[in-house]
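Heads up, the thing below is written out as structure tokens.
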Amino acid sequence: MQVKVITPFKIRGEIIPLGTVLRVPAESMPKLAGRVVPIRTEPAKLICYWCHSTEFWLSIYGRTICRKCHPPALGAEVAA
Ligand SMILES: [Zn+2]
């Protein structure tokens, strides 16, 4: 994963300056916590925690709801 350094630190004696973009394996992230921030390479996707579907609909109350688990009732969905 790609991360950006937010506080300078050393790797094997070498100073990693602020703002450096690193590629690090996920397992070394805990050691770097507080010093680096992950960089999103793609927009965040909604995934239903229950069925893992990525299809959502927007209710008239502004809530985003899983289409598989809770199909919209007639008139409950905001028209696209
Ligand atoms: Zn679902």
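As shown in the structure tokens, the chain order sets the letters A, B, ...; within each chain, residues go from 1, and ligands are also counted from 1 in the order they appear.
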
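Residues surrounding Val3 (chain A) within 10 Å are A:Met1, A:Val5, A:Ile6, A:Gly19, A:Thr20, A:Val21, A:Leu22, A:Arg23, A:Val24, A:Met29, A:Leu32, A:Arg35, A:Val36, A:Val37, A:Pro38, A:Ile39, A:Arg40 [only C-alpha atoms; sequence separation below 2 positions excluded].
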
Shell of 12 Å around ligand 1 (only C-alpha atoms and all ligand atoms), written as a PyMOL selection string = chain A and resi 46-57+64-71

Dump of C-alpha atoms for the selected residues, as an mmCIF file, in the first residue's frame:
```
data_model
loop_
_atom_site.group_PDB
_atom_site.id
_atom_site.type_symbol
_atom_site.label_atom_id
_atom_site.label_comp_id
_atom_site.auth_asym_id
_atom_site.auth_seq_id
_atom_site.Cartn_x
_atom_site.Cartn_y
_atom_site.Cartn_z
ATOM 1 C CA LEU A 46 -19.465 1.294 -0.332
ATOM 2 C CA ILE A 47 -19.671 -2.381 0.503
ATOM 3 C CA CYS A 48 -22.531 -3.890 2.465
ATOM 4 C CA TYR A 49 -21.098 -5.461 5.621
ATOM 5 C CA TRP A 50 -23.793 -8.117 5.507
ATOM 6 C CA CYS A 51 -23.979 -9.339 1.866
ATOM 7 C CA HIS A 52 -20.898 -7.545 0.464
ATOM 8 C CA SER A 53 -22.953 -6.076 -2.341
ATOM 9 C CA THR A 54 -21.788 -2.772 -3.797
ATOM 10 C CA GLU A 55 -25.241 -1.812 -5.063
ATOM 11 C CA PHE A 56 -26.822 0.883 -2.965
ATOM 12 C CA TRP A 57 -29.741 3.222 -3.307
ATOM 13 C CA THR A 64 -27.600 5.047 1.518
ATOM 14 C CA ILE A 65 -29.053 1.552 1.742
ATOM 15 C CA CYS A 66 -28.015 -1.842 0.388
ATOM 16 C CA ARG A 67 -30.217 -2.763 -2.568
ATOM 17 C CA LYS A 68 -29.924 -6.516 -1.931
ATOM 18 C CA CYS A 69 -30.665 -6.499 1.795
ATOM 19 C CA HIS A 70 -33.231 -3.705 1.768
ATOM 20 C CA PRO A 71 -34.767 -3.166 -1.672
#
```

Please provide as a PyMOL selection string all residues within 6 Å of Ile60 (chain A), with the sequence filter that same-chain residues fewer than 5 positions apart are discarded (counting only C-alpha atoms).
-> chain A and resi 76-78

Determine which residues of chain A receive a DSSP assignment of alpha helix (DSSP H), computed from the backbone, and state them as a ChimeraX atom specification.
-> /A:29-32

So how many Å separate CA of Thr41 (chain A) and CA of Ala26 (chain A), to one decimal?
-> 15.0 Å

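The space separating CA of Ala33 (chain A) from CA of Ile11 (chain A) comes to 14.2 Å.
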
Write down as a ChimeraX atom specification the residues belonging to region 11-53 of chain A that are assigned strand (DSSP E) by DSSP computed on the backbone.
-> /A:11,14-16,21-23,36-38

Could those residues be written to a file, using N, CA and C atoms, as a PDB file, in the first residue's frame?
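Done, and the output landed in out_3.pdb:
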```pdb
ATOM      1  N   ILE A  11      14.806   4.779   8.691  1.00  0.00           N
ATOM      2  CA  ILE A  11      14.784   3.359   8.330  1.00  0.00           C
ATOM      3  C   ILE A  11      16.232   2.974   8.070  1.00  0.00           C
ATOM      4  N   GLU A  14      18.689   5.690   7.724  1.00  0.00           N
ATOM      5  CA  GLU A  14      18.403   6.703   6.705  1.00  0.00           C
ATOM      6  C   GLU A  14      17.155   7.484   7.108  1.00  0.00           C
ATOM      7  N   ILE A  15      17.267   8.809   7.088  1.00  0.00           N
ATOM      8  CA  ILE A  15      16.118   9.630   7.483  1.00  0.00           C
ATOM      9  C   ILE A  15      15.098   9.702   6.345  1.00  0.00           C
ATOM     10  N   ILE A  16      13.861   9.362   6.692  1.00  0.00           N
ATOM     11  CA  ILE A  16      12.766   9.450   5.722  1.00  0.00           C
ATOM     12  C   ILE A  16      12.062  10.782   5.959  1.00  0.00           C
ATOM     13  N   VAL A  21       6.549   9.605  -0.166  1.00  0.00           N
ATOM     14  CA  VAL A  21       5.559   8.559  -0.434  1.00  0.00           C
ATOM     15  C   VAL A  21       6.281   7.213  -0.454  1.00  0.00           C
ATOM     16  N   LEU A  22       5.815   6.311   0.401  1.00  0.00           N
ATOM     17  CA  LEU A  22       6.437   4.987   0.532  1.00  0.00           C
ATOM     18  C   LEU A  22       5.470   3.911   0.088  1.00  0.00           C
ATOM     19  N   ARG A  23       6.047   2.805  -0.350  1.00  0.00           N
ATOM     20  CA  ARG A  23       5.243   1.599  -0.572  1.00  0.00           C
ATOM     21  C   ARG A  23       5.587   0.655   0.569  1.00  0.00           C
ATOM     22  N   VAL A  36       2.870   7.841   9.190  1.00  0.00           N
ATOM     23  CA  VAL A  36       2.476   7.800   7.781  1.00  0.00           C
ATOM     24  C   VAL A  36       0.956   7.778   7.679  1.00  0.00           C
ATOM     25  N   VAL A  37       0.439   8.265   6.573  1.00  0.00           N
ATOM     26  CA  VAL A  37      -0.994   8.165   6.313  1.00  0.00           C
ATOM     27  C   VAL A  37      -1.197   7.453   4.978  1.00  0.00           C
ATOM     28  N   PRO A  38      -2.148   6.517   4.944  1.00  0.00           N
ATOM     29  CA  PRO A  38      -2.407   5.825   3.681  1.00  0.00           C
ATOM     30  C   PRO A  38      -2.907   6.792   2.606  1.00  0.00           C
TER      31      PRO A  38
END
```

Within 8 Å of Pro17 (chain A) using only C-alpha atoms, minus same-chain residues under 5 positions, as a short mmCIF file (atom, residue, chain, number, x, y, z; two decimals) with C-alpha atoms, in the first residue's frame:
```cif
data_model
loop_
_atom_site.label_atom_id
_atom_site.label_comp_id
_atom_site.auth_asym_id
_atom_site.auth_seq_id
_atom_site.Cartn_x
_atom_site.Cartn_y
_atom_site.Cartn_z
CA VAL A 5 5.13 10.28 5.76
CA THR A 7 6.63 12.87 10.68
CA PRO A 8 10.25 12.23 9.67
CA PHE A 9 11.74 8.94 10.89
#
```

Separation of CA of Ser59 (chain A) from CA of Pro72 (chain A) in Å | 7.7 Å
